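Novice: Before anything else, here's the structure in question.
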Amino acid sequence: MKYKAPRGTRDILPADSWKWEYVEEVFRETAERFGYKEIRFPVFEETELFARGIGDATDIVRKEMYTFSDRKGRSLTLRPEGTASVVRSFVEHNMGRSARVTKLRYFCPMFRYERPQAGRYRQFWQWGMEAIGSLSPAIDAEIILFSVRFFEGLGLKGTEARINSAGCPSCTPAYNDLLRKELEPKLERFCDDCRERYARNPRRMFDCKNDNCQTLLSDAPSILDALCDDCRDHLAKVEAHLAAISVPYVIDSGLARGLDYYTKTIFEIHYTKLGAQSALCGGGRYDELIKELGGNSTPACGVSAGVERLISALEEEGAFRDTAPGPDIYLVAGSDEAAESNVTLAARLREKFSVEMDYQGRSFNKQVQEAGRVNARFVIVNKGEGEPLKLREISTGWEASPGEGKLEDVIRDRMKG
């Protein structure tokens, strides 16, 4: 019997895993510049955390969670997103005890039971950031700016922020009533899911992917017409901050996020060169969630996105090099004696460089070919029998025969140059 990866999952092999490492490295470096520190949280949590945090009217909770009972009958769920877990950790460890804003980042796998299709998996990777402890619109603008800078660092220049407001508990009840009133005459023409959303939370109807439902919603009232003064003022200040830091943006009154915890600012970053599926990430403010999950009333804002979608976008745009990066050095042996001494030489060089060598007794020419195949930058030819080592840079043909004591210095200088 041949075992295969479960449906909706996949192996990320070395031919591609370097791309993931690169994206994570750029994410980490950019987040550090903005002051966001890493948090790692459990793969599974109590089911109630996600049901309350995400919202029981959402498709994630109703259809997509991997929920199971442990041996003591407790209901547990594989994490479908990161914010609820971050908030649980924030409350549990009393991270808000200082007056500082708590800034956290994560890069880890999530799990949702969805129909597998191109770019969508049941185990998928997600990056995210959360800023907890400030009502300031400057935090909203900072997270939007981070997203833009992150994508620029990966080579996606010319992104656009699309922003909207999700309202707040003061203004959304009236908006929900207005939506129900306006949509009731054509309710029977919506899909079954939308009719259920109509009763639970009519704003979730905007999440529907059904073209007919989107057409029916095209003339629905905009939440921008129903905002309270506080929400309207907050959105205006976010716009002012974005203009001041030169982040291109548009107001998109049709923008909705698929989670119930959002309040006030919601946003997506789009890269229009990708066509219809141009959204790279999304997020917003969730000022009520921490209180909902047992903490003190604490404002917060965050952003997240799937890594698979981002890597596909980078591949489409040719942002990656053609081949996987290789080792700094490949050691080629011209004799059995040289092969033995290369073991010691490799151990020494690995103190400063990445090094590969032959372990299969291949011929000299085969070893040279292998150095090229693995994309090594340098080849060191060791023929043994007292002959000096020869250093060659594969891409340029540059050669040198430094004494063994100067080898590391010559390589380092060449890499700098």
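In the structure tokens, chains take letters A, B, ... by order of appearance, with residues numbered from 1 within each chain and ligands from 1 in the order shown.
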Identify, with DSSP run on backbone atoms, the residues in range 310-382 of chain A assigned to helix (DSSP H, G or I), and express the list as number ranges by chain.
Specialist: A: 310-316, 336-349, 364-373
Novice: Which is closer to Asp322 in chain A than all the others in A:Ser75, A:Gln117, A:Asn212, A:Asn375, using only C-alpha atoms?
Specialist: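 Looking at the shortest contact to Asp322 in chain A, the residue is A:Asn375.
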Novice: If we count only C-alpha atoms and set the cut-off at 9 Å, which residues sit around Tyr271 in chain A, ignoring sequence neighbours fewer than 2 positions away in its own chain? Please answer as a PyMOL selection string.
Specialist: chain A and resi 156-160+269+273-275+277-280+313
Novice: Emit the selected residues as an mmCIF file, in the first residue's frame, including all heavy atoms.
Specialist:
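Just written: out.cif:
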```
data_model
loop_
_atom_site.group_PDB
_atom_site.id
_atom_site.type_symbol
_atom_site.label_atom_id
_atom_site.label_comp_id
_atom_site.auth_asym_id
_atom_site.auth_seq_id
_atom_site.Cartn_x
_atom_site.Cartn_y
_atom_site.Cartn_z
ATOM 1 N N LEU A 156 6.690 43.139 -4.868
ATOM 2 C CA LEU A 156 5.374 43.518 -5.387
ATOM 3 C C LEU A 156 5.150 45.000 -5.114
ATOM 4 O O LEU A 156 4.633 45.389 -4.067
ATOM 5 C CB LEU A 156 4.270 42.669 -4.738
ATOM 6 C CG LEU A 156 4.368 41.165 -4.956
ATOM 7 C CD1 LEU A 156 3.242 40.449 -4.221
ATOM 8 C CD2 LEU A 156 4.325 40.818 -6.441
ATOM 9 N N LYS A 157 5.539 45.837 -6.049
ATOM 10 C CA LYS A 157 5.400 47.279 -5.885
ATOM 11 C C LYS A 157 4.138 47.753 -6.598
ATOM 12 O O LYS A 157 3.701 47.166 -7.578
ATOM 13 C CB LYS A 157 6.626 47.996 -6.438
ATOM 14 C CG LYS A 157 7.926 47.568 -5.755
ATOM 15 C CD LYS A 157 9.121 48.368 -6.259
ATOM 16 C CE LYS A 157 10.431 47.828 -5.689
ATOM 17 N NZ LYS A 157 10.477 47.924 -4.235
ATOM 18 N N GLY A 158 3.529 48.813 -6.085
ATOM 19 C CA GLY A 158 2.320 49.335 -6.701
ATOM 20 C C GLY A 158 1.045 48.735 -6.139
ATOM 21 O O GLY A 158 0.035 48.636 -6.846
ATOM 22 N N THR A 159 1.054 48.339 -4.854
ATOM 23 C CA THR A 159 -0.151 47.812 -4.226
ATOM 24 C C THR A 159 -1.100 48.953 -3.879
ATOM 25 O O THR A 159 -0.729 50.127 -3.858
ATOM 26 C CB THR A 159 0.194 47.034 -2.939
ATOM 27 O OG1 THR A 159 0.915 47.896 -2.043
ATOM 28 C CG2 THR A 159 1.019 45.814 -3.260
ATOM 29 N N GLU A 160 -2.340 48.587 -3.584
ATOM 30 C CA GLU A 160 -3.369 49.567 -3.249
ATOM 31 C C GLU A 160 -4.146 49.087 -2.027
ATOM 32 O O GLU A 160 -4.570 47.934 -1.965
ATOM 33 C CB GLU A 160 -4.327 49.747 -4.428
ATOM 34 C CG GLU A 160 -5.505 50.671 -4.160
ATOM 35 C CD GLU A 160 -6.481 50.684 -5.309
ATOM 36 O OE1 GLU A 160 -7.304 49.743 -5.414
ATOM 37 O OE2 GLU A 160 -6.415 51.626 -6.125
ATOM 38 N N ILE A 269 -5.293 44.697 1.091
ATOM 39 C CA ILE A 269 -4.250 45.208 0.213
ATOM 40 C C ILE A 269 -4.342 44.436 -1.095
ATOM 41 O O ILE A 269 -4.302 43.204 -1.107
ATOM 42 C CB ILE A 269 -2.845 45.044 0.823
ATOM 43 C CG1 ILE A 269 -2.783 45.670 2.218
ATOM 44 C CG2 ILE A 269 -1.801 45.663 -0.102
ATOM 45 C CD1 ILE A 269 -3.031 47.156 2.260
ATOM 46 N N LYS A 273 -2.271 43.974 -10.662
ATOM 47 C CA LYS A 273 -1.704 43.239 -11.793
ATOM 48 C C LYS A 273 -2.166 41.781 -11.818
ATOM 49 O O LYS A 273 -2.055 41.107 -12.836
ATOM 50 C CB LYS A 273 -0.181 43.286 -11.752
ATOM 51 C CG LYS A 273 0.418 44.658 -12.026
ATOM 52 C CD LYS A 273 1.935 44.595 -12.022
ATOM 53 C CE LYS A 273 2.554 45.964 -12.264
ATOM 54 N NZ LYS A 273 4.042 45.905 -12.256
ATOM 55 N N LEU A 274 -2.682 41.289 -10.675
ATOM 56 C CA LEU A 274 -3.108 39.895 -10.601
ATOM 57 C C LEU A 274 -4.521 39.679 -11.128
ATOM 58 O O LEU A 274 -5.008 38.548 -11.170
ATOM 59 C CB LEU A 274 -3.026 39.401 -9.153
ATOM 60 C CG LEU A 274 -1.623 39.379 -8.537
ATOM 61 C CD1 LEU A 274 -1.695 38.964 -7.077
ATOM 62 C CD2 LEU A 274 -0.703 38.443 -9.308
ATOM 63 N N GLY A 275 -5.204 40.754 -11.504
ATOM 64 C CA GLY A 275 -6.536 40.597 -12.062
ATOM 65 C C GLY A 275 -7.603 40.500 -10.988
ATOM 66 O O GLY A 275 -7.530 41.145 -9.935
ATOM 67 N N GLN A 277 -8.487 38.163 -8.835
ATOM 68 C CA GLN A 277 -8.074 37.652 -7.525
ATOM 69 C C GLN A 277 -6.845 38.417 -7.048
ATOM 70 O O GLN A 277 -5.749 37.873 -6.940
ATOM 71 C CB GLN A 277 -7.783 36.148 -7.623
ATOM 72 C CG GLN A 277 -8.959 35.312 -8.076
ATOM 73 C CD GLN A 277 -10.129 35.385 -7.106
ATOM 74 O OE1 GLN A 277 -9.946 35.337 -5.891
ATOM 75 N NE2 GLN A 277 -11.328 35.495 -7.644
ATOM 76 N N SER A 278 -7.029 39.698 -6.759
ATOM 77 C CA SER A 278 -5.885 40.564 -6.503
ATOM 78 C C SER A 278 -5.610 40.828 -5.028
ATOM 79 O O SER A 278 -4.615 41.474 -4.699
ATOM 80 C CB SER A 278 -6.082 41.906 -7.218
ATOM 81 O OG SER A 278 -7.230 42.580 -6.723
ATOM 82 N N ALA A 279 -6.467 40.361 -4.131
ATOM 83 C CA ALA A 279 -6.266 40.630 -2.701
ATOM 84 C C ALA A 279 -5.106 39.803 -2.152
ATOM 85 O O ALA A 279 -5.062 38.596 -2.324
ATOM 86 C CB ALA A 279 -7.534 40.324 -1.921
ATOM 87 N N LEU A 280 -4.168 40.474 -1.495
ATOM 88 C CA LEU A 280 -3.010 39.799 -0.907
ATOM 89 C C LEU A 280 -3.165 39.585 0.594
ATOM 90 O O LEU A 280 -2.543 38.674 1.150
ATOM 91 C CB LEU A 280 -1.742 40.622 -1.168
ATOM 92 C CG LEU A 280 -1.295 40.759 -2.616
ATOM 93 C CD1 LEU A 280 -0.100 41.696 -2.709
ATOM 94 C CD2 LEU A 280 -0.945 39.393 -3.213
ATOM 95 N N ALA A 313 1.295 34.496 -6.148
ATOM 96 C CA ALA A 313 1.381 35.831 -6.739
ATOM 97 C C ALA A 313 2.823 36.184 -7.083
ATOM 98 O O ALA A 313 3.110 36.745 -8.145
ATOM 99 C CB ALA A 313 0.799 36.867 -5.777
#
```
Novice: List the neighbours of range 90-105 of chain A out to 8 Å using only C-alpha atoms; skip same-chain residues closer than 5 positions along the sequence, and give me the result as a PDB file with all heavy atoms, in the first residue's frame.
Specialist:
```
ATOM      1  N   ALA A  31       8.659  42.939  10.090  1.00  0.00           N
ATOM      2  CA  ALA A  31       7.930  43.039  11.354  1.00  0.00           C
ATOM      3  C   ALA A  31       8.815  43.559  12.478  1.00  0.00           C
ATOM      4  O   ALA A  31       8.367  44.343  13.326  1.00  0.00           O
ATOM      5  CB  ALA A  31       7.354  41.672  11.728  1.00  0.00           C
ATOM      6  N   GLY A  35       8.448  46.693  15.152  1.00  0.00           N
ATOM      7  CA  GLY A  35       8.350  46.400  16.576  1.00  0.00           C
ATOM      8  C   GLY A  35       7.460  45.244  16.959  1.00  0.00           C
ATOM      9  O   GLY A  35       7.059  45.135  18.127  1.00  0.00           O
ATOM     10  N   TYR A  36       7.156  44.334  16.022  1.00  0.00           N
ATOM     11  CA  TYR A  36       6.275  43.194  16.309  1.00  0.00           C
ATOM     12  C   TYR A  36       7.107  41.956  16.645  1.00  0.00           C
ATOM     13  O   TYR A  36       7.988  41.569  15.882  1.00  0.00           O
ATOM     14  CB  TYR A  36       5.351  42.921  15.114  1.00  0.00           C
ATOM     15  CG  TYR A  36       4.298  43.989  14.960  1.00  0.00           C
ATOM     16  CD1 TYR A  36       4.631  45.239  14.420  1.00  0.00           C
ATOM     17  CD2 TYR A  36       2.994  43.782  15.379  1.00  0.00           C
ATOM     18  CE1 TYR A  36       3.685  46.242  14.297  1.00  0.00           C
ATOM     19  CE2 TYR A  36       2.030  44.786  15.251  1.00  0.00           C
ATOM     20  CZ  TYR A  36       2.390  46.007  14.717  1.00  0.00           C
ATOM     21  OH  TYR A  36       1.447  47.003  14.604  1.00  0.00           O
ATOM     22  N   LYS A  37       6.812  41.330  17.786  1.00  0.00           N
ATOM     23  CA  LYS A  37       7.568  40.184  18.271  1.00  0.00           C
ATOM     24  C   LYS A  37       6.784  38.892  18.040  1.00  0.00           C
ATOM     25  O   LYS A  37       5.559  38.875  18.059  1.00  0.00           O
ATOM     26  CB  LYS A  37       7.882  40.332  19.762  1.00  0.00           C
ATOM     27  CG  LYS A  37       8.636  41.612  20.104  1.00  0.00           C
ATOM     28  CD  LYS A  37       9.968  41.694  19.364  1.00  0.00           C
ATOM     29  CE  LYS A  37      10.728  42.967  19.728  1.00  0.00           C
ATOM     30  NZ  LYS A  37      11.995  43.084  18.957  1.00  0.00           N
ATOM     31  N   GLU A  38       7.505  37.790  17.885  1.00  0.00           N
ATOM     32  CA  GLU A  38       6.866  36.519  17.542  1.00  0.00           C
ATOM     33  C   GLU A  38       6.125  35.900  18.718  1.00  0.00           C
ATOM     34  O   GLU A  38       6.591  35.933  19.858  1.00  0.00           O
ATOM     35  CB  GLU A  38       7.905  35.522  17.038  1.00  0.00           C
ATOM     36  CG  GLU A  38       7.269  34.219  16.526  1.00  0.00           C
ATOM     37  CD  GLU A  38       8.283  33.216  16.041  1.00  0.00           C
ATOM     38  OE1 GLU A  38       9.295  33.013  16.736  1.00  0.00           O
ATOM     39  OE2 GLU A  38       8.062  32.637  14.972  1.00  0.00           O
ATOM     40  N   ILE A  39       4.962  35.338  18.426  1.00  0.00           N
ATOM     41  CA  ILE A  39       4.232  34.509  19.375  1.00  0.00           C
ATOM     42  C   ILE A  39       3.952  33.171  18.701  1.00  0.00           C
ATOM     43  O   ILE A  39       3.663  33.120  17.496  1.00  0.00           O
ATOM     44  CB  ILE A  39       2.915  35.183  19.823  1.00  0.00           C
ATOM     45  CG1 ILE A  39       2.192  34.305  20.857  1.00  0.00           C
ATOM     46  CG2 ILE A  39       2.003  35.503  18.642  1.00  0.00           C
ATOM     47  CD1 ILE A  39       0.995  34.979  21.513  1.00  0.00           C
ATOM     48  N   TRP A 127       0.367  34.133   7.662  1.00  0.00           N
ATOM     49  CA  TRP A 127       1.120  35.106   8.452  1.00  0.00           C
ATOM     50  C   TRP A 127       0.138  36.110   9.025  1.00  0.00           C
ATOM     51  O   TRP A 127      -0.916  36.370   8.437  1.00  0.00           O
ATOM     52  CB  TRP A 127       2.194  35.809   7.612  1.00  0.00           C
ATOM     53  CG  TRP A 127       1.684  36.659   6.477  1.00  0.00           C
ATOM     54  CD1 TRP A 127       1.553  36.292   5.168  1.00  0.00           C
ATOM     55  CD2 TRP A 127       1.246  38.028   6.554  1.00  0.00           C
ATOM     56  NE1 TRP A 127       1.061  37.326   4.421  1.00  0.00           N
ATOM     57  CE2 TRP A 127       0.866  38.417   5.243  1.00  0.00           C
ATOM     58  CE3 TRP A 127       1.149  38.961   7.580  1.00  0.00           C
ATOM     59  CZ2 TRP A 127       0.381  39.695   4.951  1.00  0.00           C
ATOM     60  CZ3 TRP A 127       0.668  40.236   7.300  1.00  0.00           C
ATOM     61  CH2 TRP A 127       0.291  40.585   5.994  1.00  0.00           C
ATOM     62  N   GLY A 128       0.470  36.658  10.175  1.00  0.00           N
ATOM     63  CA  GLY A 128      -0.430  37.628  10.786  1.00  0.00           C
ATOM     64  C   GLY A 128       0.274  38.498  11.798  1.00  0.00           C
ATOM     65  O   GLY A 128       1.348  38.160  12.307  1.00  0.00           O
ATOM     66  N   MET A 129      -0.344  39.643  12.091  1.00  0.00           N
ATOM     67  CA  MET A 129       0.168  40.588  13.079  1.00  0.00           C
ATOM     68  C   MET A 129      -0.996  41.175  13.851  1.00  0.00           C
ATOM     69  O   MET A 129      -2.064  41.401  13.296  1.00  0.00           O
ATOM     70  CB  MET A 129       0.949  41.722  12.396  1.00  0.00           C
ATOM     71  CG  MET A 129       2.160  41.241  11.644  1.00  0.00           C
ATOM     72  SD  MET A 129       2.977  42.542  10.732  1.00  0.00           S
ATOM     73  CE  MET A 129       3.165  43.804  11.969  1.00  0.00           C
ATOM     74  N   GLU A 130      -0.774  41.400  15.149  1.00  0.00           N
ATOM     75  CA  GLU A 130      -1.802  41.979  16.004  1.00  0.00           C
ATOM     76  C   GLU A 130      -1.184  43.070  16.866  1.00  0.00           C
ATOM     77  O   GLU A 130      -0.111  42.877  17.445  1.00  0.00           O
ATOM     78  CB  GLU A 130      -2.421  40.908  16.922  1.00  0.00           C
ATOM     79  CG  GLU A 130      -2.722  39.564  16.263  1.00  0.00           C
ATOM     80  CD  GLU A 130      -3.881  39.574  15.286  1.00  0.00           C
ATOM     81  OE1 GLU A 130      -4.627  40.589  15.255  1.00  0.00           O
ATOM     82  OE2 GLU A 130      -4.065  38.589  14.558  1.00  0.00           O
ATOM     83  N   ALA A 131      -1.841  44.235  16.938  1.00  0.00           N
ATOM     84  CA  ALA A 131      -1.438  45.332  17.827  1.00  0.00           C
ATOM     85  C   ALA A 131      -2.567  45.546  18.824  1.00  0.00           C
ATOM     86  O   ALA A 131      -3.681  45.917  18.440  1.00  0.00           O
ATOM     87  CB  ALA A 131      -1.170  46.602  17.032  1.00  0.00           C
ATOM     88  N   ILE A 132      -2.289  45.305  20.099  1.00  0.00           N
ATOM     89  CA  ILE A 132      -3.331  45.291  21.124  1.00  0.00           C
ATOM     90  C   ILE A 132      -3.062  46.388  22.148  1.00  0.00           C
ATOM     91  O   ILE A 132      -1.963  46.466  22.708  1.00  0.00           O
ATOM     92  CB  ILE A 132      -3.378  43.925  21.822  1.00  0.00           C
ATOM     93  CG1 ILE A 132      -3.570  42.809  20.782  1.00  0.00           C
ATOM     94  CG2 ILE A 132      -4.501  43.877  22.855  1.00  0.00           C
ATOM     95  CD1 ILE A 132      -3.480  41.409  21.359  1.00  0.00           C
ATOM     96  N   GLY A 133      -4.080  47.244  22.386  1.00  0.00           N
ATOM     97  CA  GLY A 133      -3.953  48.209  23.465  1.00  0.00           C
ATOM     98  C   GLY A 133      -4.062  49.666  23.070  1.00  0.00           C
ATOM     99  O   GLY A 133      -3.795  50.538  23.892  1.00  0.00           O
ATOM    100  N   SER A 134      -4.486  49.965  21.845  1.00  0.00           N
ATOM    101  CA  SER A 134      -4.598  51.365  21.443  1.00  0.00           C
ATOM    102  C   SER A 134      -5.828  51.594  20.573  1.00  0.00           C
ATOM    103  O   SER A 134      -6.110  50.805  19.663  1.00  0.00           O
ATOM    104  CB  SER A 134      -3.350  51.815  20.674  1.00  0.00           C
ATOM    105  OG  SER A 134      -3.518  53.136  20.184  1.00  0.00           O
ATOM    106  N   ILE A 290     -11.568  41.193  22.801  1.00  0.00           N
ATOM    107  CA  ILE A 290     -10.867  40.806  24.029  1.00  0.00           C
ATOM    108  C   ILE A 290     -11.833  40.751  25.200  1.00  0.00           C
ATOM    109  O   ILE A 290     -11.783  39.819  26.023  1.00  0.00           O
ATOM    110  CB  ILE A 290      -9.683  41.763  24.283  1.00  0.00           C
ATOM    111  CG1 ILE A 290      -8.661  41.593  23.157  1.00  0.00           C
ATOM    112  CG2 ILE A 290      -9.034  41.494  25.648  1.00  0.00           C
ATOM    113  CD1 ILE A 290      -7.534  42.583  23.173  1.00  0.00           C
ATOM    114  N   GLY A 294     -13.220  37.257  27.612  1.00  0.00           N
ATOM    115  CA  GLY A 294     -12.926  37.181  29.043  1.00  0.00           C
ATOM    116  C   GLY A 294     -11.929  38.167  29.581  1.00  0.00           C
ATOM    117  O   GLY A 294     -11.617  38.147  30.783  1.00  0.00           O
ATOM    118  N   GLY A 295     -11.393  39.057  28.737  1.00  0.00           N
ATOM    119  CA  GLY A 295     -10.439  40.044  29.211  1.00  0.00           C
ATOM    120  C   GLY A 295     -11.096  41.374  29.498  1.00  0.00           C
ATOM    121  O   GLY A 295     -12.321  41.527  29.400  1.00  0.00           O
TER     122      GLY A 295
END
```
Novice: Neighbouring residues of Ile329 in chain A were defined as those with any atom within 10 Å, considering only C-alpha atoms; residues of the same chain fewer than 5 positions away were excluded. Please report them as a PyMOL selection string.
Specialist: chain A and resi 346+349-350+353-357+371+375-380+391-394+411
Novice: When you look at Asn210 in chain A with a cut-off of 9 Å (counting only C-alpha atoms), what residues show up, excluding the ones that are within fewer than 3 positions of it in the same chain? I need them as number ranges by chain.
Specialist: A: 190-191, 213-215
Novice: Take the residues just selected and output them with N, CA, C and O atoms as a PDB file, in the first residue's frame.
Specialist:
```pdb
ATOM      1  N   PHE A 190     -32.251  34.762  -2.858  1.00  0.00           N
ATOM      2  CA  PHE A 190     -30.894  34.509  -2.368  1.00  0.00           C
ATOM      3  C   PHE A 190     -30.679  33.013  -2.151  1.00  0.00           C
ATOM      4  O   PHE A 190     -31.643  32.236  -2.034  1.00  0.00           O
ATOM      5  N   CYS A 191     -29.413  32.606  -2.062  1.00  0.00           N
ATOM      6  CA  CYS A 191     -29.092  31.202  -1.790  1.00  0.00           C
ATOM      7  C   CYS A 191     -29.472  30.837  -0.358  1.00  0.00           C
ATOM      8  O   CYS A 191     -29.761  31.713   0.473  1.00  0.00           O
ATOM      9  N   CYS A 213     -26.220  36.245  -5.797  1.00  0.00           N
ATOM     10  CA  CYS A 213     -26.385  36.961  -4.522  1.00  0.00           C
ATOM     11  C   CYS A 213     -25.665  38.300  -4.548  1.00  0.00           C
ATOM     12  O   CYS A 213     -26.184  39.307  -4.045  1.00  0.00           O
ATOM     13  N   GLN A 214     -24.488  38.338  -5.148  1.00  0.00           N
ATOM     14  CA  GLN A 214     -23.762  39.603  -5.227  1.00  0.00           C
ATOM     15  C   GLN A 214     -24.514  40.622  -6.087  1.00  0.00           C
ATOM     16  O   GLN A 214     -24.516  41.823  -5.784  1.00  0.00           O
ATOM     17  N   THR A 215     -25.168  40.150  -7.135  1.00  0.00           N
ATOM     18  CA  THR A 215     -25.973  41.053  -7.962  1.00  0.00           C
ATOM     19  C   THR A 215     -27.145  41.607  -7.169  1.00  0.00           C
ATOM     20  O   THR A 215     -27.449  42.812  -7.235  1.00  0.00           O
TER      21      THR A 215
END
```
Novice: Restricting the calculation to only C-alpha atoms, which member of A:Ala300, A:Ala319, A:Ala84, A:Ile251 is positioned closest to Leu135 in chain A?
Specialist: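 For Leu135 in chain A, the nearest of the given residues is A:Ala300.
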Novice: Any idea what's packed within 9 Å of Phe27 in chain A, counting only C-alpha atoms, ignoring anything in its chain fewer than 6 positions away? Could you give it as a PDB file with N, CA and C atoms, in the first residue's frame?
Specialist:
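Okay, this is what ended up in result_39.pdb:
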```
ATOM      1  N   PHE A 107       3.558  33.172  12.091  1.00  0.00           N
ATOM      2  CA  PHE A 107       3.720  32.598  10.750  1.00  0.00           C
ATOM      3  C   PHE A 107       3.617  31.098  10.948  1.00  0.00           C
ATOM      4  N   TRP A 127       0.367  34.133   7.662  1.00  0.00           N
ATOM      5  CA  TRP A 127       1.120  35.106   8.452  1.00  0.00           C
ATOM      6  C   TRP A 127       0.138  36.110   9.025  1.00  0.00           C
ATOM      7  N   PHE A 150       5.890  45.171   3.425  1.00  0.00           N
ATOM      8  CA  PHE A 150       6.197  43.743   3.332  1.00  0.00           C
ATOM      9  C   PHE A 150       6.136  43.278   1.883  1.00  0.00           C
ATOM     10  N   PHE A 151       5.064  43.640   1.183  1.00  0.00           N
ATOM     11  CA  PHE A 151       4.921  43.216  -0.211  1.00  0.00           C
ATOM     12  C   PHE A 151       5.962  43.884  -1.100  1.00  0.00           C
ATOM     13  N   GLY A 153       8.942  44.648  -0.141  1.00  0.00           N
ATOM     14  CA  GLY A 153      10.181  43.930   0.132  1.00  0.00           C
ATOM     15  C   GLY A 153      10.281  42.619  -0.621  1.00  0.00           C
ATOM     16  N   LEU A 154       9.134  42.045  -0.976  1.00  0.00           N
ATOM     17  CA  LEU A 154       9.100  40.804  -1.744  1.00  0.00           C
ATOM     18  C   LEU A 154       9.127  41.058  -3.250  1.00  0.00           C
TER      19      LEU A 154
END
```
Novice: Using only C-alpha atoms, which of A:Thr77, A:Ala51, A:Ser246, A:Glu315 sits nearest Val148 in chain A?
Specialist: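 Smallest distance to Val148 in chain A is found for A:Ser246.
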Novice: Which one is closest to Thr263 in chain A: A:Glu152, A:Glu288, A:Asp413, A:Glu239? Count only C-alpha atoms.
Specialist: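 Closest residue, counting only C-alpha atoms: A:Glu288.
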Novice: So which residues of range 94-318 of chain A fall under strand (DSSP E or B) by DSSP, listed as a count of residues only?
Specialist: 53
Novice: With only C-alpha atoms as the basis for distance, which of A:Val307, A:Val410, A:Ile144, A:Ile60 is at the shortest distance from Ala243 in chain A?
Specialist: A:Ile144
Novice: With only C-alpha atoms as the atoms that count, which of A:Pro173, A:Gly167, A:Pro137, A:Gly372 lies nearest to Arg200 in chain A?
Specialist: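 Nearest to Arg200 in chain A: A:Pro173.
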